$ cat run06.cif   # mmCIF, C-alpha atoms and all ligand atoms
data_model
loop_
_atom_site.label_atom_id
_atom_site.label_comp_id
_atom_site.auth_asym_id
_atom_site.auth_seq_id
_atom_site.Cartn_x
_atom_site.Cartn_y
_atom_site.Cartn_z
CA GLU A 1 241.67 -99.22 102.12
CA ARG A 2 239.96 -96.89 99.63
CA GLU A 3 238.12 -99.83 98.05
CA ARG A 4 236.91 -100.94 101.47
CA GLU A 5 235.69 -97.45 102.15
CA ARG A 6 233.81 -97.41 98.84
CA GLU A 7 232.22 -100.71 99.71
CA ARG A 8 231.13 -99.35 103.08
CA GLU A 9 229.81 -96.26 101.38
CA ARG A 10 227.73 -98.39 99.06
CA GLU A 11 226.54 -100.63 101.86
CA PHE A 12 225.57 -97.78 104.19
CA GLY A 13 224.41 -95.41 101.49
CA VAL A 14 226.95 -92.63 102.04
CA SER A 15 226.76 -91.08 98.66
CA MET A 16 229.05 -88.18 98.03
CA GLU A 17 232.29 -86.51 98.95
CA SER A 18 231.94 -83.78 101.52
CA PRO A 19 232.65 -80.18 100.52
CA PHE A 20 234.06 -79.54 104.01
CA LYS A 21 237.74 -79.95 104.91
CA ALA A 22 238.50 -83.28 106.56
CA ASP A 23 239.92 -81.83 109.78
CA ILE A 24 237.24 -79.31 110.79
CA LEU A 25 236.24 -81.40 113.82
CA LYS A 26 239.69 -82.70 114.70
CA GLY A 27 239.96 -83.34 118.45
CA LYS A 28 236.20 -82.97 119.04
CA VAL A 29 234.05 -85.56 120.78
CA ALA A 30 230.42 -86.13 119.78
CA LEU A 31 227.66 -88.17 121.41
CA LEU A 32 224.68 -89.08 119.23
CA THR A 33 221.48 -90.63 120.51
CA GLY A 34 220.01 -92.87 117.83
CA GLY A 35 223.44 -92.59 116.20
CA GLY A 36 223.58 -96.24 115.15
CA SER A 37 220.99 -96.18 112.39
CA GLY A 38 219.24 -94.00 109.82
CA ILE A 39 219.92 -90.28 109.80
CA GLY A 40 221.73 -90.54 113.15
CA TYR A 41 224.22 -93.04 111.72
CA GLU A 42 224.95 -90.85 108.71
CA ILE A 43 225.63 -87.88 111.02
CA SER A 44 227.92 -90.13 113.13
CA THR A 45 229.82 -91.08 109.98
CA GLN A 46 230.24 -87.56 108.68
CA LEU A 47 231.22 -86.04 112.03
CA GLY A 48 233.73 -88.89 112.34
CA LYS A 49 235.08 -88.43 108.83
CA HIS A 50 235.74 -84.80 109.69
CA GLY A 51 237.85 -85.66 112.70
CA ALA A 52 235.48 -86.17 115.64
CA SER A 53 235.51 -89.15 117.98
CA ILE A 54 232.06 -90.69 118.14
CA ALA A 55 229.97 -92.18 120.94
CA ILE A 56 226.62 -93.58 119.88
CA MET A 57 223.77 -94.31 122.24
CA GLY A 58 220.95 -96.68 121.37
CA ARG A 59 218.71 -99.41 122.71
CA ARG A 60 219.71 -102.23 120.40
CA LYS A 61 223.11 -103.82 121.02
CA ASN A 62 223.35 -105.47 117.61
CA VAL A 63 222.68 -102.16 115.84
CA LEU A 64 225.30 -100.40 117.98
CA ASP A 65 227.87 -103.14 117.37
CA SER A 66 227.58 -103.10 113.62
CA ALA A 67 227.58 -99.29 113.48
CA VAL A 68 230.70 -99.10 115.65
CA SER A 69 232.56 -101.63 113.56
CA ALA A 70 231.56 -99.82 110.35
CA LEU A 71 232.77 -96.50 111.80
CA ARG A 72 236.05 -98.06 112.96
CA SER A 73 236.65 -99.55 109.54
CA LEU A 74 236.57 -95.97 108.21
CA GLY A 75 239.33 -95.08 110.69
CA ILE A 76 236.93 -93.30 113.05
CA GLN A 77 237.32 -93.63 116.82
CA ALA A 78 233.94 -94.91 117.95
CA ILE A 79 232.19 -96.52 120.90
CA GLY A 80 228.63 -97.79 121.34
CA LEU A 81 226.74 -97.29 124.61
CA GLU A 82 223.48 -99.05 125.33
CA GLY A 83 220.72 -96.92 126.76
CA ASP A 84 217.20 -95.53 126.37
CA VAL A 85 216.77 -91.74 126.37
CA ARG A 86 213.56 -92.22 128.37
CA ASN A 87 215.63 -93.38 131.32
CA ARG A 88 217.48 -90.64 133.18
CA ASP A 89 219.93 -93.11 134.76
CA ASP A 90 220.84 -94.36 131.28
CA ALA A 91 221.48 -90.78 130.18
CA VAL A 92 223.77 -90.13 133.15
CA ARG A 93 225.64 -93.41 132.68
CA VAL A 94 226.12 -92.97 128.93
CA LEU A 95 227.45 -89.44 129.42
CA GLU A 96 229.82 -90.61 132.15
CA SER A 97 231.09 -93.43 129.93
CA THR A 98 231.65 -91.00 127.06
CA ILE A 99 233.73 -88.74 129.30
CA LYS A 100 235.61 -91.70 130.76
CA HIS A 101 236.48 -92.96 127.29
CA PHE A 102 237.18 -89.74 125.40
CA GLY A 103 237.88 -87.24 128.22
CA LYS A 104 235.29 -84.63 127.24
CA LEU A 105 232.17 -83.83 125.26
CA ASP A 106 231.88 -81.12 122.59
CA ILE A 107 228.81 -82.06 120.57
CA LEU A 108 225.50 -83.67 121.54
CA VAL A 109 223.16 -84.74 118.75
CA ASN A 110 219.67 -85.83 119.79
CA ALA A 111 218.57 -88.06 116.92
CA ALA A 112 216.67 -90.77 118.81
CA ALA A 113 212.97 -90.76 117.92
CA GLY A 114 209.90 -92.94 118.00
CA ASN A 115 207.14 -93.01 115.44
CA PHE A 116 204.19 -94.79 113.87
CA LEU A 117 201.21 -93.76 111.78
CA VAL A 118 197.92 -93.73 113.63
CA PRO A 119 194.66 -91.75 113.41
CA ALA A 120 194.21 -89.62 116.55
CA GLU A 121 191.02 -91.45 117.46
CA ASP A 122 192.86 -94.77 117.60
CA LEU A 123 195.90 -93.49 119.51
CA SER A 124 195.87 -94.28 123.22
CA PRO A 125 197.07 -91.60 125.62
CA ASN A 126 199.91 -93.95 126.47
CA GLY A 127 200.91 -94.15 122.80
CA PHE A 128 200.90 -90.34 122.67
CA ARG A 129 202.95 -90.18 125.86
CA THR A 130 205.46 -92.76 124.61
CA VAL A 131 206.49 -90.60 121.66
CA ILE A 132 206.57 -87.43 123.78
CA ASP A 133 208.77 -89.34 126.25
CA ILE A 134 211.26 -90.39 123.58
CA ASP A 135 211.39 -87.26 121.42
CA SER A 136 210.69 -84.35 123.80
CA VAL A 137 211.49 -85.54 127.32
CA GLY A 138 214.39 -87.64 126.01
CA THR A 139 215.89 -84.63 124.25
CA PHE A 140 215.53 -82.48 127.36
CA THR A 141 216.98 -85.20 129.60
CA MET A 142 220.06 -85.65 127.42
CA CYS A 143 220.63 -81.88 127.22
CA HIS A 144 220.10 -81.49 130.95
CA GLU A 145 222.52 -84.25 131.92
CA ALA A 146 225.09 -83.15 129.31
CA LEU A 147 225.17 -79.53 130.47
CA LYS A 148 227.98 -79.87 132.99
CA TYR A 149 230.23 -81.37 130.31
CA LEU A 150 229.28 -78.98 127.52
CA LYS A 151 229.47 -75.71 129.40
CA ARG A 152 232.36 -73.32 128.96
CA GLY A 153 235.14 -74.44 131.30
CA GLY A 154 233.63 -77.96 131.71
CA PRO A 155 235.94 -81.00 131.89
CA GLY A 156 238.43 -80.89 129.01
CA GLN A 157 236.75 -77.74 127.64
CA ASP A 158 238.25 -74.49 126.64
CA SER A 159 237.48 -71.79 129.21
CA SER A 160 236.28 -69.41 126.51
CA ARG A 161 233.94 -71.67 124.51
CA GLY A 162 231.12 -74.04 125.24
CA GLY A 163 229.83 -77.03 123.29
CA ILE A 164 227.09 -77.51 120.75
CA ILE A 165 223.73 -79.29 120.73
CA ILE A 166 221.75 -80.35 117.67
CA ASN A 167 218.17 -81.58 118.03
CA ILE A 168 216.71 -83.49 115.12
CA SER A 169 213.16 -82.29 114.52
CA ALA A 170 210.64 -82.48 111.65
CA THR A 171 208.35 -80.17 109.65
CA LEU A 172 205.11 -82.05 110.47
CA HIS A 173 203.92 -79.46 112.99
CA TYR A 174 204.45 -76.39 110.75
CA THR A 175 201.04 -77.21 109.31
CA ALA A 176 199.10 -80.29 110.38
CA THR A 177 199.97 -83.79 109.31
CA TRP A 178 197.56 -86.71 109.05
CA TYR A 179 197.98 -89.47 111.62
CA GLN A 180 200.93 -87.79 113.27
CA ILE A 181 199.38 -85.95 116.20
CA HIS A 182 201.86 -87.47 118.67
CA VAL A 183 205.00 -86.78 116.65
CA SER A 184 203.83 -83.30 115.63
CA ALA A 185 203.30 -82.37 119.27
CA ALA A 186 206.61 -83.98 120.27
CA LYS A 187 208.64 -82.16 117.62
CA ALA A 188 206.92 -78.84 118.36
CA ALA A 189 208.17 -79.28 121.91
CA VAL A 190 211.64 -80.14 120.63
CA ASP A 191 211.78 -76.88 118.64
CA SER A 192 210.67 -74.97 121.69
CA ILE A 193 213.34 -76.68 123.82
CA THR A 194 215.91 -75.70 121.19
CA ARG A 195 214.96 -72.03 121.50
CA SER A 196 214.76 -71.95 125.30
CA LEU A 197 218.12 -73.65 125.77
CA ALA A 198 219.72 -71.48 123.09
CA LEU A 199 218.61 -68.45 125.06
CA GLU A 200 219.57 -69.62 128.54
CA TRP A 201 222.67 -71.69 127.83
CA GLY A 202 223.90 -69.55 124.96
CA THR A 203 223.91 -66.58 127.29
CA ASP A 204 225.23 -68.29 130.40
CA TYR A 205 227.54 -70.99 129.05
CA ASP A 206 228.35 -70.20 125.42
CA ILE A 207 226.56 -73.36 124.27
CA ARG A 208 224.92 -73.14 120.84
CA VAL A 209 221.67 -75.09 120.52
CA ASN A 210 220.13 -75.62 117.08
CA GLY A 211 217.82 -78.03 115.33
CA ILE A 212 217.55 -79.65 111.92
CA ALA A 213 214.13 -80.44 110.42
CA PRO A 214 214.53 -83.05 107.67
CA GLY A 215 211.94 -83.55 104.97
CA PRO A 216 211.38 -87.03 103.53
CA ILE A 217 214.77 -88.72 103.40
CA GLU A 218 215.25 -91.87 101.34
CA ASP A 219 216.25 -95.14 103.03
CA THR A 220 215.04 -94.14 106.47
CA ALA A 221 212.50 -95.55 108.92
CA GLY A 222 210.78 -92.16 108.78
CA VAL A 223 209.83 -92.72 105.14
CA SER A 224 209.28 -96.47 105.15
CA LYS A 225 207.12 -96.33 108.30
CA LEU A 226 205.30 -93.08 107.64
CA ALA A 227 204.91 -92.59 103.92
CA PRO A 228 203.42 -95.57 102.11
CA ASP A 229 204.08 -95.76 98.36
CA ASP A 230 200.75 -94.23 97.33
CA MET A 231 201.44 -91.22 99.54
CA LEU A 232 204.83 -90.73 97.90
CA LYS A 233 203.32 -90.98 94.39
CA GLU A 234 200.74 -88.36 95.28
CA MET A 235 203.45 -86.08 96.60
CA GLU A 236 205.48 -86.46 93.40
CA GLN A 237 202.46 -85.41 91.33
CA ASN A 238 201.61 -82.42 93.44
CA VAL A 239 204.91 -80.96 94.42
CA PRO A 240 206.98 -79.16 91.81
CA LEU A 241 210.59 -80.36 91.69
CA TYR A 242 209.69 -83.03 94.23
CA LYS A 243 212.54 -85.27 95.17
CA MET A 244 213.55 -87.12 98.26
CA GLY A 245 216.49 -85.98 100.27
CA GLU A 246 219.46 -88.11 101.18
CA LYS A 247 220.79 -88.79 104.67
CA TRP A 248 223.93 -87.06 103.43
CA ASP A 249 221.98 -83.77 103.09
CA ILE A 250 221.10 -83.87 106.78
CA ALA A 251 224.64 -84.76 107.81
CA MET A 252 226.05 -81.83 105.80
CA ALA A 253 223.63 -79.47 107.57
CA ALA A 254 224.82 -80.89 110.90
CA LEU A 255 228.46 -80.37 109.90
CA TYR A 256 227.76 -76.78 108.97
CA LEU A 257 225.98 -76.09 112.26
CA VAL A 258 228.65 -77.69 114.46
CA SER A 259 231.59 -76.21 112.57
CA ASP A 260 232.93 -72.70 113.08
CA ALA A 261 230.98 -71.69 109.97
CA GLY A 262 227.93 -71.82 112.22
CA LYS A 263 229.42 -69.88 115.14
CA TYR A 264 226.75 -67.15 115.11
CA ILE A 265 223.82 -69.53 114.64
CA ASN A 266 221.92 -70.20 117.83
CA GLY A 267 218.30 -71.18 118.50
CA THR A 268 217.34 -71.90 114.93
CA THR A 269 215.94 -75.05 113.36
CA LEU A 270 217.29 -75.45 109.87
CA VAL A 271 214.76 -76.97 107.46
CA VAL A 272 216.40 -79.38 105.03
CA ASP A 273 213.52 -80.51 102.83
CA GLY A 274 214.05 -79.01 99.37
CA GLY A 275 211.19 -76.57 100.05
CA LEU A 276 208.63 -79.32 100.43
CA TRP A 277 206.70 -78.20 103.51
CA LEU A 278 205.76 -74.82 102.05
CA SER A 279 204.63 -76.08 98.66
CA ARG A 280 201.02 -76.36 97.51
CA PRO A 281 199.49 -78.43 94.74
CA ARG A 282 199.71 -76.78 91.29
CA HIS A 283 196.35 -75.44 90.11
C1 LIG A 301 199.03 -97.28 117.61
C2 LIG A 301 200.83 -97.80 118.99
C3 LIG A 301 201.58 -98.24 117.87
C4 LIG A 301 200.97 -98.19 116.58
C5 LIG A 301 202.80 -98.48 119.66
N1 LIG A 301 201.63 -97.97 120.06
N2 LIG A 301 202.79 -98.66 118.32
N3 LIG A 301 199.57 -97.33 118.86
N4 LIG A 301 199.70 -97.68 116.50
N5 LIG A 301 201.58 -98.59 115.48
C6 LIG A 301 201.24 -97.67 121.44
C7 LIG A 301 201.10 -98.95 122.21
O1 LIG A 301 199.85 -99.54 122.01
C8 LIG A 301 201.29 -98.48 123.64
O2 LIG A 301 200.14 -97.87 124.18
C9 LIG A 301 202.34 -97.39 123.51
O3 LIG A 301 202.26 -96.94 122.13
C10 LIG A 301 203.73 -97.88 123.77
O4 LIG A 301 204.00 -98.96 122.91
P1 LIG A 301 205.24 -99.96 123.14
O5 LIG A 301 205.26 -100.92 122.02
O6 LIG A 301 205.21 -100.50 124.53
O7 LIG A 301 206.46 -98.95 123.08
P2 LIG A 301 207.99 -99.25 122.89
O8 LIG A 301 208.28 -100.72 122.83
O9 LIG A 301 208.68 -98.46 123.91
O10 LIG A 301 208.29 -98.69 121.42
C11 LIG A 301 208.28 -97.32 121.12
C12 LIG A 301 207.68 -97.05 119.75
C13 LIG A 301 208.37 -97.86 118.68
C14 LIG A 301 207.79 -95.56 119.48
C15 LIG A 301 206.19 -97.43 119.83
O11 LIG A 301 207.77 -97.62 117.43
C16 LIG A 301 209.83 -97.57 118.59
O12 LIG A 301 210.61 -97.95 119.47
N6 LIG A 301 210.31 -96.89 117.59
C17 LIG A 301 211.70 -96.45 117.56
C18 LIG A 301 212.21 -96.48 116.23
C19 LIG A 301 211.49 -95.51 115.31
O13 LIG A 301 210.25 -95.54 115.20
N7 LIG A 301 212.22 -94.73 114.60
C20 LIG A 301 211.62 -93.96 113.57
C21 LIG A 301 211.90 -92.62 113.74
S1 LIG A 301 211.38 -91.77 112.27
P3 LIG A 301 199.07 -98.69 125.12
O14 LIG A 301 197.98 -97.69 125.43
O15 LIG A 301 198.59 -99.85 124.32
O16 LIG A 301 199.85 -99.11 126.33
C22 LIG A 301 210.87 -90.32 112.77
C23 LIG A 301 210.50 -89.39 111.65
C24 LIG A 301 209.62 -88.30 112.11
O17 LIG A 301 210.83 -90.02 113.90
C25 LIG A 301 209.31 -87.30 111.04
C26 LIG A 301 209.06 -87.85 109.69
C27 LIG A 301 208.83 -86.83 108.59
#
$ encode --input "run06.cif" --output "structure tokens"
Amino acid sequence: EREREREREREFGVSMESPFKADILKGKVALLTGGGSGIGYEISTQLGKHGASIAIMGRRKNVLDSAVSALRSLGIQAIGLEGDVRNRDDAVRVLESTIKHFGKLDILVNAAAGNFLVPAEDLSPNGFRTVIDIDSVGTFTMCHEALKYLKRGGPGQDSSRGGIIINISATLHYTATWYQIHVSAAKAAVDSITRSLALEWGTDYDIRVNGIAPGPIEDTAGVSKLAPDDMLKEMEQNVPLYKMGEKWDIAMAALYLVSDAGKYINGTTLVVDGGLWLSRPRH
């Protein structure tokens, strides 16, 4: 069993033991959009390894199937639900299926995202809209449709505590990032959604809403699609102590935020980038 787990860890790049106790999410149910690949899959794995049951939502059936079987082979209760966050009916159906299967929802992680590199002058308004639809509107739609399950006193919920939302963001929009006008705008909206919902739903329903803004994370579509090798080399030369993050780093931040250790954290977006976004070239 242990050997199989090690093999899985190697195959899926899960690198290190967690410093958190294995039962901190025992009995919890989490739904992750984009939870079948990349950073989303690593968060699925770590939430599952710490006791949560996992529902993953994604567009690609083959990706969902292999993620679910990998999670199950680690002893994690997992289901895959096909759907596109741009489609409100899909959101409703996926949430209903999650409740039908696991009885409740405690944690929603919005990790689905769309991206490509393109100069602003070559980006069509529809290309801009597509990324806003996935990242910003998709995040809002999932939160909106999940509210009745996450709120204090919702189905299967404690009457004194509500659920938790995590929105995966980025640091692109803290400054300005070349060829990323669409994603920068989309993630700026995501951060704003995080704050507005933290205010309204934290107050009314005891739901905590936070974000995580990853820097460049190795073995992800974000890096392979967005940062060609020459860009990475340049970064290494210019940024003191430059190193890429691991998916594990993002998953540990998610665990912290969803665990009771994060019970007073609401409306923040935690930057997990090794200090990269604020650094300047040495002179
Ligand atoms: C210019 C492009 C383009 C490109 C698509 N478009 N790709 N424009 N350059 N490379 C334009 C199209 O021309 C079209 O506009 C519009 O966008 C919609 O394109 P479709 O192909 O129809 O969209 P769709 O099939 O729905 O695919 C969505 C997608 C795709 C976002 C374009 O890349 C995708 O599904 N990606 C999901 C997976 C992904 O990228 N994950 C990475 C996340 S990493 P017109 O005008 O022609 O109709 C990440 C990291 C962020 O988010 C932060 C990093 C630090």
$ atom_distance --input "run06.cif" --atom1 "CA of Ala67 (chain A)" --atom2 "CA of Ser37 (chain A)"
7.4 Å
$ residues_near_ligand --input "run06.cif" --ligand "ligand LIG 301 (chain A)" --cutoff "8 Å" --atoms "all atoms listed in the file" --output "CSV table (one decimal) with C-alpha atoms, in the coordinates of the input"
chain,number,residue,atom,x,y,z
A,112,ALA,CA,216.7,-90.8,118.8
A,113,ALA,CA,213.0,-90.8,117.9
A,114,GLY,CA,209.9,-92.9,118.0
A,115,ASN,CA,207.1,-93.0,115.4
A,116,PHE,CA,204.2,-94.8,113.9
A,117,LEU,CA,201.2,-93.8,111.8
A,118,VAL,CA,197.9,-93.7,113.6
A,122,ASP,CA,192.9,-94.8,117.6
A,123,LEU,CA,195.9,-93.5,119.5
A,124,SER,CA,195.9,-94.3,123.2
A,125,PRO,CA,197.1,-91.6,125.6
A,126,ASN,CA,199.9,-94.0,126.5
A,127,GLY,CA,200.9,-94.2,122.8
A,128,PHE,CA,200.9,-90.3,122.7
A,129,ARG,CA,203.0,-90.2,125.9
A,130,THR,CA,205.5,-92.8,124.6
A,131,VAL,CA,206.5,-90.6,121.7
A,134,ILE,CA,211.3,-90.4,123.6
A,169,SER,CA,213.2,-82.3,114.5
A,170,ALA,CA,210.6,-82.5,111.6
A,171,THR,CA,208.4,-80.2,109.6
A,172,LEU,CA,205.1,-82.0,110.5
A,183,VAL,CA,205.0,-86.8,116.6
A,214,PRO,CA,214.5,-83.0,107.7
A,215,GLY,CA,211.9,-83.6,105.0
A,216,PRO,CA,211.4,-87.0,103.5
A,220,THR,CA,215.0,-94.1,106.5
A,221,ALA,CA,212.5,-95.6,108.9
A,222,GLY,CA,210.8,-92.2,108.8
A,223,VAL,CA,209.8,-92.7,105.1
A,225,LYS,CA,207.1,-96.3,108.3
A,226,LEU,CA,205.3,-93.1,107.6
$ closest_residue --input "run06.cif" --among "A:Ala52, A:Leu147, A:Met252, A:Ala185" --to "Leu95 (chain A)" --atoms "only C-alpha atoms"
A:Leu147
$ atom_distance --input "run06.cif" --atom1 "CA of Leu199 (chain A)" --atom2 "CA of Asp23 (chain A)"
29.4 Å
$ closest_residue --input "run06.cif" --among "A:Glu82, A:Ala120, A:Leu232, A:Val190" --to "Thr177 (chain A)" --atoms "all atoms listed in the file"
A:Ala120
$ residues_around --input "run06.cif" --residues "region 268-279 of chain A" --least-positions-apart "5" --cutoff "9 Å" --atoms "only C-alpha atoms" --output "PDB file with C-alpha atoms, in the frame of the given file"
ATOM      1  CA  ILE A 166     221.750 -80.350 117.670  1.00  0.00           C
ATOM      2  CA  ASN A 167     218.170 -81.580 118.030  1.00  0.00           C
ATOM      3  CA  ILE A 168     216.710 -83.490 115.120  1.00  0.00           C
ATOM      4  CA  SER A 169     213.160 -82.290 114.520  1.00  0.00           C
ATOM      5  CA  ALA A 170     210.640 -82.480 111.650  1.00  0.00           C
ATOM      6  CA  THR A 171     208.350 -80.170 109.650  1.00  0.00           C
ATOM      7  CA  LEU A 172     205.110 -82.050 110.470  1.00  0.00           C
ATOM      8  CA  TYR A 174     204.450 -76.390 110.750  1.00  0.00           C
ATOM      9  CA  THR A 175     201.040 -77.210 109.310  1.00  0.00           C
ATOM     10  CA  ASP A 191     211.780 -76.880 118.640  1.00  0.00           C
ATOM     11  CA  THR A 194     215.910 -75.700 121.190  1.00  0.00           C
ATOM     12  CA  ARG A 195     214.960 -72.030 121.500  1.00  0.00           C
ATOM     13  CA  ALA A 198     219.720 -71.480 123.090  1.00  0.00           C
ATOM     14  CA  VAL A 209     221.670 -75.090 120.520  1.00  0.00           C
ATOM     15  CA  ASN A 210     220.130 -75.620 117.080  1.00  0.00           C
ATOM     16  CA  GLY A 211     217.820 -78.030 115.330  1.00  0.00           C
ATOM     17  CA  ILE A 212     217.550 -79.650 111.920  1.00  0.00           C
ATOM     18  CA  ALA A 213     214.130 -80.440 110.420  1.00  0.00           C
ATOM     19  CA  PRO A 214     214.530 -83.050 107.670  1.00  0.00           C
ATOM     20  CA  GLY A 215     211.940 -83.550 104.970  1.00  0.00           C
ATOM     21  CA  PRO A 216     211.380 -87.030 103.530  1.00  0.00           C
ATOM     22  CA  ILE A 217     214.770 -88.720 103.400  1.00  0.00           C
ATOM     23  CA  ASN A 238     201.610 -82.420  93.440  1.00  0.00           C
ATOM     24  CA  VAL A 239     204.910 -80.960  94.420  1.00  0.00           C
ATOM     25  CA  PRO A 240     206.980 -79.160  91.810  1.00  0.00           C
ATOM     26  CA  LEU A 241     210.590 -80.360  91.690  1.00  0.00           C
ATOM     27  CA  TYR A 242     209.690 -83.030  94.230  1.00  0.00           C
ATOM     28  CA  LYS A 243     212.540 -85.270  95.170  1.00  0.00           C
ATOM     29  CA  MET A 244     213.550 -87.120  98.260  1.00  0.00           C
ATOM     30  CA  GLY A 245     216.490 -85.980 100.270  1.00  0.00           C
ATOM     31  CA  ASP A 249     221.980 -83.770 103.090  1.00  0.00           C
ATOM     32  CA  ILE A 250     221.100 -83.870 106.780  1.00  0.00           C
ATOM     33  CA  ALA A 253     223.630 -79.470 107.570  1.00  0.00           C
TER      34      ALA A 253
END
$ residues_around --input "run06.cif" --residues "Leu47 (chain A)" --least-positions-apart "2" --cutoff "9 Å" --atoms "only C-alpha atoms" --output "VMD selection string"
chain A and resid 25 30 42 to 45 49 to 54 251 254 to 255
$ atom_distance --input "run06.cif" --atom1 "CA of Thr203 (chain A)" --atom2 "CA of Asn87 (chain A)"
28.3 Å
$ residues_around --input "run06.cif" --residues "Gly153 (chain A)" --least-positions-apart "3" --cutoff "12 Å" --atoms "all atoms listed in the file" --output "PDB file with C-alpha atoms, in the coordinates of the input"
ATOM      1  CA  LYS A 104     235.290 -84.630 127.240  1.00  0.00           C
ATOM      2  CA  LEU A 105     232.170 -83.830 125.260  1.00  0.00           C
ATOM      3  CA  ASP A 106     231.880 -81.120 122.590  1.00  0.00           C
ATOM      4  CA  LEU A 147     225.170 -79.530 130.470  1.00  0.00           C
ATOM      5  CA  LYS A 148     227.980 -79.870 132.990  1.00  0.00           C
ATOM      6  CA  TYR A 149     230.230 -81.370 130.310  1.00  0.00           C
ATOM      7  CA  LEU A 150     229.280 -78.980 127.520  1.00  0.00           C
ATOM      8  CA  GLY A 156     238.430 -80.890 129.010  1.00  0.00           C
ATOM      9  CA  GLN A 157     236.750 -77.740 127.640  1.00  0.00           C
ATOM     10  CA  ASP A 158     238.250 -74.490 126.640  1.00  0.00           C
ATOM     11  CA  SER A 159     237.480 -71.790 129.210  1.00  0.00           C
ATOM     12  CA  SER A 160     236.280 -69.410 126.510  1.00  0.00           C
ATOM     13  CA  ARG A 161     233.940 -71.670 124.510  1.00  0.00           C
ATOM     14  CA  GLY A 162     231.120 -74.040 125.240  1.00  0.00           C
ATOM     15  CA  GLY A 163     229.830 -77.030 123.290  1.00  0.00           C
ATOM     16  CA  ASP A 204     225.230 -68.290 130.400  1.00  0.00           C
ATOM     17  CA  TYR A 205     227.540 -70.990 129.050  1.00  0.00           C
ATOM     18  CA  ASP A 206     228.350 -70.200 125.420  1.00  0.00           C
ATOM     19  CA  ILE A 207     226.560 -73.360 124.270  1.00  0.00           C
TER      20      ILE A 207
END
$ closest_residue --input "run06.cif" --among "A:Gly34, A:Ser259, A:Ile165, A:Gly267" --to "Phe140 (chain A)" --atoms "all atoms listed in the file"
A:Ile165
$ closest_residue --input "run06.cif" --among "A:Gly36, A:Pro119, A:Gly262, A:Gly58" --to "Ile181 (chain A)" --atoms "only C-alpha atoms"
A:Pro119
$ closest_residue --input "run06.cif" --among "A:Val63, A:Ala261, A:Gly103, A:Asp133" --to "Gly40 (chain A)" --atoms "only C-alpha atoms"
A:Val63
$ closest_residue --input "run06.cif" --among "A:Ile56, A:Phe20, A:Val92, A:Ile39" --to "Trp248 (chain A)" --atoms "all atoms listed in the file"
A:Ile39
$ residues_around --input "run06.cif" --residues "Asp89 (chain A)" --least-positions-apart "5" --cutoff "10 Å" --atoms "all atoms listed in the file" --output "compact mmCIF listing (two decimals) with C-alpha atoms, in the frame of the given file"
# COMPACT_ATOMS: atom_id res chain seq x y z
CA GLY A 83 220.72 -96.92 126.76
CA ASP A 84 217.20 -95.53 126.37
CA VAL A 94 226.12 -92.97 128.93
CA LEU A 95 227.45 -89.44 129.42
CA THR A 141 216.98 -85.20 129.60
CA GLU A 145 222.52 -84.25 131.92
$ decode --input "run06.cif" --residues "region 249-260 of chain A" --atoms "N, CA and C atoms" --output "mmCIF file, in the first residue's frame"
data_model
loop_
_atom_site.group_PDB
_atom_site.id
_atom_site.type_symbol
_atom_site.label_atom_id
_atom_site.label_comp_id
_atom_site.auth_asym_id
_atom_site.auth_seq_id
_atom_site.Cartn_x
_atom_site.Cartn_y
_atom_site.Cartn_z
ATOM 1 N N ASP A 249 3.080 23.547 -2.261
ATOM 2 C CA ASP A 249 3.066 24.812 -1.505
ATOM 3 C C ASP A 249 1.675 25.442 -1.523
ATOM 4 N N ILE A 250 1.013 25.349 -2.671
ATOM 5 C CA ILE A 250 -0.324 25.937 -2.794
ATOM 6 C C ILE A 250 -1.328 25.110 -2.001
ATOM 7 N N ALA A 251 -1.176 23.792 -2.069
ATOM 8 C CA ALA A 251 -2.106 22.918 -1.336
ATOM 9 C C ALA A 251 -1.971 23.112 0.177
ATOM 10 N N MET A 252 -0.742 23.340 0.656
ATOM 11 C CA MET A 252 -0.555 23.565 2.099
ATOM 12 C C MET A 252 -1.209 24.882 2.524
ATOM 13 N N ALA A 253 -1.134 25.892 1.666
ATOM 14 C CA ALA A 253 -1.800 27.167 1.969
ATOM 15 C C ALA A 253 -3.318 26.953 2.024
ATOM 16 N N ALA A 254 -3.831 26.132 1.104
ATOM 17 C CA ALA A 254 -5.269 25.844 1.103
ATOM 18 C C ALA A 254 -5.676 25.122 2.385
ATOM 19 N N LEU A 255 -4.851 24.154 2.796
ATOM 20 C CA LEU A 255 -5.147 23.405 4.027
ATOM 21 C C LEU A 255 -5.196 24.338 5.233
ATOM 22 N N TYR A 256 -4.227 25.221 5.294
ATOM 23 C CA TYR A 256 -4.190 26.188 6.389
ATOM 24 C C TYR A 256 -5.467 27.035 6.402
ATOM 25 N N LEU A 257 -5.841 27.544 5.234
ATOM 26 C CA LEU A 257 -7.011 28.431 5.174
ATOM 27 C C LEU A 257 -8.318 27.701 5.494
ATOM 28 N N VAL A 258 -8.443 26.443 5.074
ATOM 29 C CA VAL A 258 -9.710 25.740 5.331
ATOM 30 C C VAL A 258 -9.752 25.109 6.712
ATOM 31 N N SER A 259 -8.597 24.941 7.341
ATOM 32 C CA SER A 259 -8.578 24.321 8.668
ATOM 33 C C SER A 259 -8.981 25.343 9.731
ATOM 34 N N ASP A 260 -9.155 24.863 10.950
ATOM 35 C CA ASP A 260 -9.493 25.784 12.046
ATOM 36 C C ASP A 260 -8.364 26.766 12.338
#
